[in-house]
Structures are given as structure tokens and as C-alpha cells.
Amino acid sequence: MTSIGIFFGTDSGTTRLIAKKIARSLVARIGEHVVAKPVNINRVDVNRLLQHDALILGTPTYGKGVLPGRDSRNTESSWLEFLPQLADADFSGKRIALYGLGDQEEYPDHFADAIRDLHDAFTARGATPVGGCDIDGYEFNCSRAVIDGRFIGLVLDQHLQHLLTDERIERWLDEIVPALTGETAGRQQANG
Ligand SMILES: Cc1cc2nc3c(=O)[nH]c(=O)nc-3n(C[C@H](O)[C@H](O)[C@H](O)COP(=O)(O)O)c2cc1C
């Protein structure tokens with residue numbers, strides 16, 4: 001049975017709250033035996049991530065377009081300190097879905113940039129990214145999180161658009177759950 005791990009970085013705690021929301025909705029959809037409790041990335045090593053078949057990875061953006069961590073002047077270590085551990089890791093066959101928090105009003109030129117760094121780091125080690133979200137409904141100038149006109153993960157702005165968050169999470173889960181659990185592949189195989 002598929003096991004889904006949820007790991008997040010944070011400084012002021014919002015990305016943790018979103019991880020809990022995502023976990024609650026996932027458990028309601030597919031059951032608690034499939035979904036592990038969300039964990040702060042600064043509490044684990046890479047082997048903990050490799051225990052799962054699929055991962056949901058969350059991050060805010062700090063600096064101007066940088067992952068959280070001490071070099072981004074955060075109080076705790078986070079993704080910046082974790083990522084070097086990926087150097088010898090093999091994520092082939094693992095599916096990853098990304099979510100990112102940002103502030104499009106204050107940082108319109110670097111909106112939610114940091115999920116791109118997670119995307120590039122994990123796909124370079126063989127992971128397969130799933131899911132994204134449309135850029136309609138957001139207002140920003142530039143974001144490295146956009147590839148081919150779409151965000152590469154779920155992007156949330158708790159400062160300007162917190163009222164849209166629950167709906168955005170549910171729409172994103174509609175898209176990623178079949179991909180994370182392998183339901184799509186199974187169905188295609190069965191049909192093919
Ligand atoms: C010093 C600082 C720098 C930030 N830089 C960016 C940025 O470059 N791009 C962006 O979209 N949001 C930026 N933000 C907004 C945060 O990503 C946002 O507040 C997020 O919700 C924080 O998540 P957390 O509570 O999990 O740490 C910045 C916030 C602060 C305080």
C-alpha cells in the first residue's frame with residue numbers, strides 16, 4: 001500500500017498549519033494508514049523521506065526568493081540545511097507534490113520562488129513531480145515557481161488570499177491524490 005509522507009520547512013509556523021490542513025483532508029479522503037503525520041524537515045534525515053512512496057513537500061519563500069533556513073535569517077535550520085543530504089540519495093520511483101507559501105503583494109518579483117528549488121533538487125535525484133496549479137487568480141510580476149505557464153505546485157498566500165486557501169487545497173488534492181497513490185497508473189494499466 002502507498003505511504004505518503006508530508007514534510008515542511010517553516011519559520012513563523014504557517015507552512016506547518018497548512019501541512020496539518022492538507023493531512024486532515026488527505027486522511028478524510030484515503031485513510032490514516034496511508035498518510036503519515038506532517039514533520040518539520042529540520043527534525044529528520046533523508047532516510048526518513050525515503051521510507052515513503054510519495055511525498056508532499058512544503059516551503060515558504062524567504063530572503064528574496066530563497067528557501068528557509070539560517071542563511072535566510074530564520075531562527076531555525078530548515079530546507080537550506082537539509083538539501084545537501086540529497087547528494088547521495090536516490091529518489092527514483094518516488095512521486096513528489098509541492099506546495100509553497102508566499103506573499104504576492106510584498107514580493108511580487110519573487111513570488112513563492114522557493115518551491116522551484118525543492119522541485120529542482122528532488123527531480124535531480126530522480127523524483128517525479130505531480131500536480132500544479134493555474135496562475136489565474138494571483139497577481140505577481142515574476143515567479144520561478146512557474147513552468148510552462150503553470151505553478152509547479154500548490155501556491156498559497158496567507159497574507160492576501162487566506163480565504164481562498166481551503167478551496168485551493170481541495171482542488172489541488174483532487175489532482176494529486178490519484179497521482180500520488182498510483183491510482184491513475186493502475187487504472188491506465190487496467191484499461192490498457
Ligand atoms: C523577511 C521575509 C522575506 C520574505 N520573502 C519572500 C519572497 O521572496 N517571496 C514570497 O513569495 N514571500 C516572501 N515572504 C513571505 C513568506 O513566505 C510568507 O510570510 C509565509 O507565509 C511564511 O511562512 P512560515 O510562517 O511557514 O514561515 C517573506 C517573508 C519575510 C518575513
# chains A, B, ... in the order shown; residues from 1 in each chain; ligands from 1
call {"tool": "residues_near_ligand", "arguments": {"ligand": "ligand 1", "cutoff": "6 Å", "atoms": "only C-alpha atoms and all ligand atoms", "output": "list in words"}}
result
Thr10, Asp11, Ser12, Gly13, Thr14, Thr15, Pro60, Thr61, Tyr62, Gly63, Lys64, Gly65, Leu101, Gly102, Asp103, Gln104, Tyr107, His110, Phe111, Ala112 and Gln158 of chain A
call {"tool": "write_last_selection", "arguments": {"atoms": "C-alpha atoms", "output": "compact mmCIF listing (two decimals), in the first residue's frame"}}
result
# COMPACT_ATOMS: atom_id res chain seq x y z
CA THR A 10 8.82 26.97 8.21
CA ASP A 11 9.92 30.00 10.20
CA SER A 12 6.76 31.52 11.61
CA GLY A 13 4.64 28.37 11.54
CA THR A 14 2.18 28.99 8.71
CA THR A 15 3.53 26.26 6.48
CA PRO A 60 7.65 29.24 2.42
CA THR A 61 9.92 31.61 0.50
CA TYR A 62 12.33 33.87 2.40
CA GLY A 63 15.11 36.32 1.54
CA LYS A 64 14.14 37.33 -1.92
CA GLY A 65 13.22 34.05 -3.45
CA LEU A 101 3.63 29.86 0.70
CA GLY A 102 4.45 33.38 -0.38
CA ASP A 103 3.32 36.96 -0.35
CA GLN A 104 2.44 38.29 -3.79
CA TYR A 107 7.34 40.09 -3.00
CA HIS A 110 9.94 36.51 -6.22
CA PHE A 111 6.52 35.11 -5.51
CA ALA A 112 6.78 31.62 -3.96
CA GLN A 158 -1.98 33.57 3.60
call {"tool": "select_by_dssp", "arguments": {"residues": "chain A", "states": "strand (DSSP E)", "output": "number ranges by chain"}}
result
A: 4-8, 39-40, 54-60, 95-101, 128-129, 133-134, 146-147, 150-151, 154-156
call {"tool": "write_last_selection", "arguments": {"atoms": "C-alpha atoms", "output": "tab-separated table (two decimals), in the first residue's frame"}}
result
chain	number	residue	atom	x	y	z
A	4	ILE	CA	2.58	9.32	1.79
A	5	GLY	CA	4.93	11.45	3.89
A	6	ILE	CA	4.41	15.17	4.48
A	7	PHE	CA	7.47	17.29	5.25
A	8	PHE	CA	7.63	21.05	5.57
A	39	VAL	CA	7.03	16.56	10.14
A	40	ASN	CA	9.33	19.59	10.18
A	54	ALA	CA	5.18	9.54	-2.26
A	55	LEU	CA	5.96	12.85	-0.62
A	56	ILE	CA	4.22	16.16	-0.10
A	57	LEU	CA	6.87	18.82	0.45
A	58	GLY	CA	6.05	22.33	1.64
A	59	THR	CA	8.04	25.51	1.97
A	60	PRO	CA	7.65	29.24	2.42
A	95	ARG	CA	6.38	10.86	-6.58
A	96	ILE	CA	6.50	14.35	-5.09
A	97	ALA	CA	3.85	17.06	-4.83
A	98	LEU	CA	4.96	20.52	-3.76
A	99	TYR	CA	3.23	23.36	-2.00
A	100	GLY	CA	4.59	26.80	-1.28
A	101	LEU	CA	3.63	29.86	0.70
A	128	THR	CA	8.76	12.54	-10.34
A	129	PRO	CA	6.79	15.75	-9.69
A	133	CYS	CA	-1.97	24.93	-10.10
A	134	ASP	CA	-3.11	27.59	-12.51
A	146	VAL	CA	6.03	28.90	-12.89
A	147	ILE	CA	6.95	26.45	-15.65
A	150	ARG	CA	1.54	26.98	-14.57
A	151	PHE	CA	2.75	26.83	-10.96
A	154	LEU	CA	0.12	24.48	-4.96
A	155	VAL	CA	0.85	28.14	-4.19
A	156	LEU	CA	-0.85	29.84	-1.24
call {"tool": "select_by_dssp", "arguments": {"residues": "segment 64-147 of chain A", "states": "helix (DSSP H, G or I)", "output": "list in words"}}
result
Arg70, Asp71, Ser72, Trp79, Leu80, Glu81, Phe82, Leu83, Pro84, Gln85, Leu86, Ala87, Asp88, Ala114, Ile115, Arg116, Asp117, Leu118, His119, Asp120, Ala121, Phe122, Thr123 and Ala124 of chain A
call {"tool": "write_last_selection", "arguments": {"atoms": "N, CA and C atoms", "output": "mmCIF file, in the first residue's frame"}}
result
data_model
loop_
_atom_site.group_PDB
_atom_site.id
_atom_site.type_symbol
_atom_site.label_atom_id
_atom_site.label_comp_id
_atom_site.auth_asym_id
_atom_site.auth_seq_id
_atom_site.Cartn_x
_atom_site.Cartn_y
_atom_site.Cartn_z
ATOM 1 N N ARG A 70 18.900 29.039 8.087
ATOM 2 C CA ARG A 70 19.659 30.078 8.798
ATOM 3 C C ARG A 70 20.226 31.137 7.860
ATOM 4 N N ASP A 71 20.600 30.752 6.640
ATOM 5 C CA ASP A 71 21.118 31.743 5.693
ATOM 6 C C ASP A 71 20.034 32.697 5.207
ATOM 7 N N SER A 72 18.776 32.331 5.413
ATOM 8 C CA SER A 72 17.668 33.243 5.099
ATOM 9 C C SER A 72 17.257 34.023 6.352
ATOM 10 N N TRP A 79 15.075 23.822 5.188
ATOM 11 C CA TRP A 79 15.403 23.191 3.904
ATOM 12 C C TRP A 79 16.832 23.489 3.466
ATOM 13 N N LEU A 80 17.307 24.723 3.713
ATOM 14 C CA LEU A 80 18.655 25.066 3.249
ATOM 15 C C LEU A 80 19.699 24.134 3.849
ATOM 16 N N GLU A 81 19.510 23.749 5.093
ATOM 17 C CA GLU A 81 20.465 22.852 5.750
ATOM 18 C C GLU A 81 20.211 21.399 5.367
ATOM 19 N N PHE A 82 18.962 21.084 5.005
ATOM 20 C CA PHE A 82 18.619 19.697 4.682
ATOM 21 C C PHE A 82 19.106 19.291 3.283
ATOM 22 N N LEU A 83 18.964 20.197 2.322
ATOM 23 C CA LEU A 83 19.151 19.791 0.919
ATOM 24 C C LEU A 83 20.499 19.151 0.586
ATOM 25 N N PRO A 84 21.614 19.561 1.226
ATOM 26 C CA PRO A 84 22.879 18.878 0.914
ATOM 27 C C PRO A 84 22.822 17.363 1.135
ATOM 28 N N GLN A 85 21.923 16.884 2.003
ATOM 29 C CA GLN A 85 21.796 15.435 2.229
ATOM 30 C C GLN A 85 21.301 14.687 0.998
ATOM 31 N N LEU A 86 20.728 15.422 0.048
ATOM 32 C CA LEU A 86 20.197 14.749 -1.147
ATOM 33 C C LEU A 86 21.317 14.263 -2.070
ATOM 34 N N ALA A 87 22.527 14.769 -1.840
ATOM 35 C CA ALA A 87 23.624 14.497 -2.778
ATOM 36 C C ALA A 87 23.769 13.014 -3.096
ATOM 37 N N ASP A 88 23.637 12.142 -2.093
ATOM 38 C CA ASP A 88 23.843 10.708 -2.335
ATOM 39 C C ASP A 88 22.535 9.925 -2.340
ATOM 40 N N ALA A 114 10.645 29.675 -3.907
ATOM 41 C CA ALA A 114 11.441 28.607 -3.298
ATOM 42 C C ALA A 114 10.960 27.200 -3.651
ATOM 43 N N ILE A 115 9.704 27.039 -4.038
ATOM 44 C CA ILE A 115 9.307 25.657 -4.394
ATOM 45 C C ILE A 115 10.066 25.182 -5.624
ATOM 46 N N ARG A 116 10.535 26.131 -6.434
ATOM 47 C CA ARG A 116 11.344 25.722 -7.598
ATOM 48 C C ARG A 116 12.645 25.049 -7.132
ATOM 49 N N ASP A 117 13.207 25.551 -6.048
ATOM 50 C CA ASP A 117 14.455 24.950 -5.560
ATOM 51 C C ASP A 117 14.215 23.525 -5.042
ATOM 52 N N LEU A 118 13.065 23.316 -4.382
ATOM 53 C CA LEU A 118 12.734 21.942 -3.967
ATOM 54 C C LEU A 118 12.516 21.071 -5.208
ATOM 55 N N HIS A 119 11.757 21.591 -6.135
ATOM 56 C CA HIS A 119 11.468 20.850 -7.371
ATOM 57 C C HIS A 119 12.779 20.413 -8.042
ATOM 58 N N ASP A 120 13.695 21.365 -8.227
ATOM 59 C CA ASP A 120 14.925 21.058 -8.968
ATOM 60 C C ASP A 120 15.805 20.091 -8.181
ATOM 61 N N ALA A 121 15.874 20.281 -6.853
ATOM 62 C CA ALA A 121 16.733 19.412 -6.040
ATOM 63 C C ALA A 121 16.226 17.966 -6.053
ATOM 64 N N PHE A 122 14.919 17.766 -5.929
ATOM 65 C CA PHE A 122 14.384 16.398 -5.842
ATOM 66 C C PHE A 122 14.299 15.733 -7.220
ATOM 67 N N THR A 123 13.955 16.497 -8.245
ATOM 68 C CA THR A 123 13.899 15.868 -9.576
ATOM 69 C C THR A 123 15.314 15.518 -10.048
ATOM 70 N N ALA A 124 16.304 16.298 -9.636
ATOM 71 C CA ALA A 124 17.693 15.961 -9.988
ATOM 72 C C ALA A 124 18.110 14.627 -9.371
#
call {"tool": "atom_distance", "arguments": {"atom1": "atom CA of Arg43 of chain A", "atom2": "atom CA of Arg73 of chain A"}}
result
18.6 Å
call {"tool": "residues_around", "arguments": {"residues": "Trp172 of chain A", "least_positions_apart": "2", "cutoff": "9 Å", "atoms": "only C-alpha atoms", "output": "MDAnalysis selection string"}}
result
chainID A and resid 131:133 153:154 167:170 174:177
call {"tool": "write_last_selection", "arguments": {"atoms": "N, CA and C atoms", "output": "CSV table (one decimal), in the first residue's frame"}}
result
chain,number,residue,atom,x,y,z
A,131,GLY,N,1.3,17.2,-10.1
A,131,GLY,CA,0.3,18.3,-9.7
A,131,GLY,C,0.9,19.7,-9.9
A,132,GLY,N,0.1,20.7,-9.9
A,132,GLY,CA,0.4,22.0,-10.0
A,132,GLY,C,-0.8,22.9,-9.8
A,133,CYS,N,-0.7,24.2,-10.1
A,133,CYS,CA,-2.0,24.9,-10.1
A,133,CYS,C,-1.9,26.1,-11.1
A,153,GLY,N,3.5,23.7,-8.3
A,153,GLY,CA,2.9,23.1,-7.1
A,153,GLY,C,1.7,24.0,-6.7
A,154,LEU,N,1.2,23.6,-5.5
A,154,LEU,CA,0.1,24.5,-5.0
A,154,LEU,C,0.8,25.7,-4.3
A,167,GLU,N,-10.2,26.1,-0.5
A,167,GLU,CA,-10.7,25.7,-1.8
A,167,GLU,C,-9.5,25.3,-2.7
A,168,ARG,N,-8.4,26.1,-2.6
A,168,ARG,CA,-7.2,25.8,-3.4
A,168,ARG,C,-6.6,24.4,-3.0
A,169,ILE,N,-6.6,24.2,-1.7
A,169,ILE,CA,-6.1,22.9,-1.3
A,169,ILE,C,-6.9,21.7,-1.8
A,170,GLU,N,-8.2,21.9,-1.7
A,170,GLU,CA,-9.1,20.8,-2.1
A,170,GLU,C,-9.0,20.5,-3.6
A,174,ASP,N,-7.6,17.1,-5.4
A,174,ASP,CA,-8.3,16.4,-6.4
A,174,ASP,C,-7.3,15.9,-7.5
A,175,GLU,N,-6.4,16.8,-7.8
A,175,GLU,CA,-5.4,16.5,-8.9
A,175,GLU,C,-4.3,15.5,-8.4
A,176,ILE,N,-3.8,15.7,-7.3
A,176,ILE,CA,-2.6,15.0,-6.9
A,176,ILE,C,-2.9,13.6,-6.3
A,177,VAL,N,-4.0,13.4,-5.6
A,177,VAL,CA,-4.2,12.2,-4.9
A,177,VAL,C,-4.1,11.0,-5.8
call {"tool": "closest_residue", "arguments": {"among": "A:Leu160, A:Ala23, A:Ala36, A:Ala28", "to": "Leu49 of chain A", "atoms": "only C-alpha atoms"}}
result
A:Ala36
call {"tool": "atom_distance", "arguments": {"atom1": "atom CA of Thr2 of chain A", "atom2": "atom CA of His52 of chain A"}}
result
7.7 Å
call {"tool": "closest_residue", "arguments": {"among": "A:Ala89, A:Val130, A:Leu163, A:Leu17", "to": "Gly182 of chain A", "atoms": "only C-alpha atoms"}}
result
A:Val130
call {"tool": "closest_residue", "arguments": {"among": "A:Asn74, A:Gly149, A:Asp90, A:Ile22", "to": "Asp136 of chain A", "atoms": "only C-alpha atoms"}}
result
A:Gly149
call {"tool": "atom_distance", "arguments": {"atom1": "atom CA of Cys142 of chain A", "atom2": "atom CA of Leu164 of chain A"}}
result
20.8 Å
call {"tool": "closest_residue", "arguments": {"among": "A:Arg125, A:Lys94, A:Gly137, A:Gly9", "to": "Glu76 of chain A", "atoms": "only C-alpha atoms"}}
result
A:Gly9
call {"tool": "closest_residue", "arguments": {"among": "A:Leu173, A:Leu50, A:Leu180, A:Thr75", "to": "Arg29 of chain A", "atoms": "only C-alpha atoms"}}
result
A:Leu173
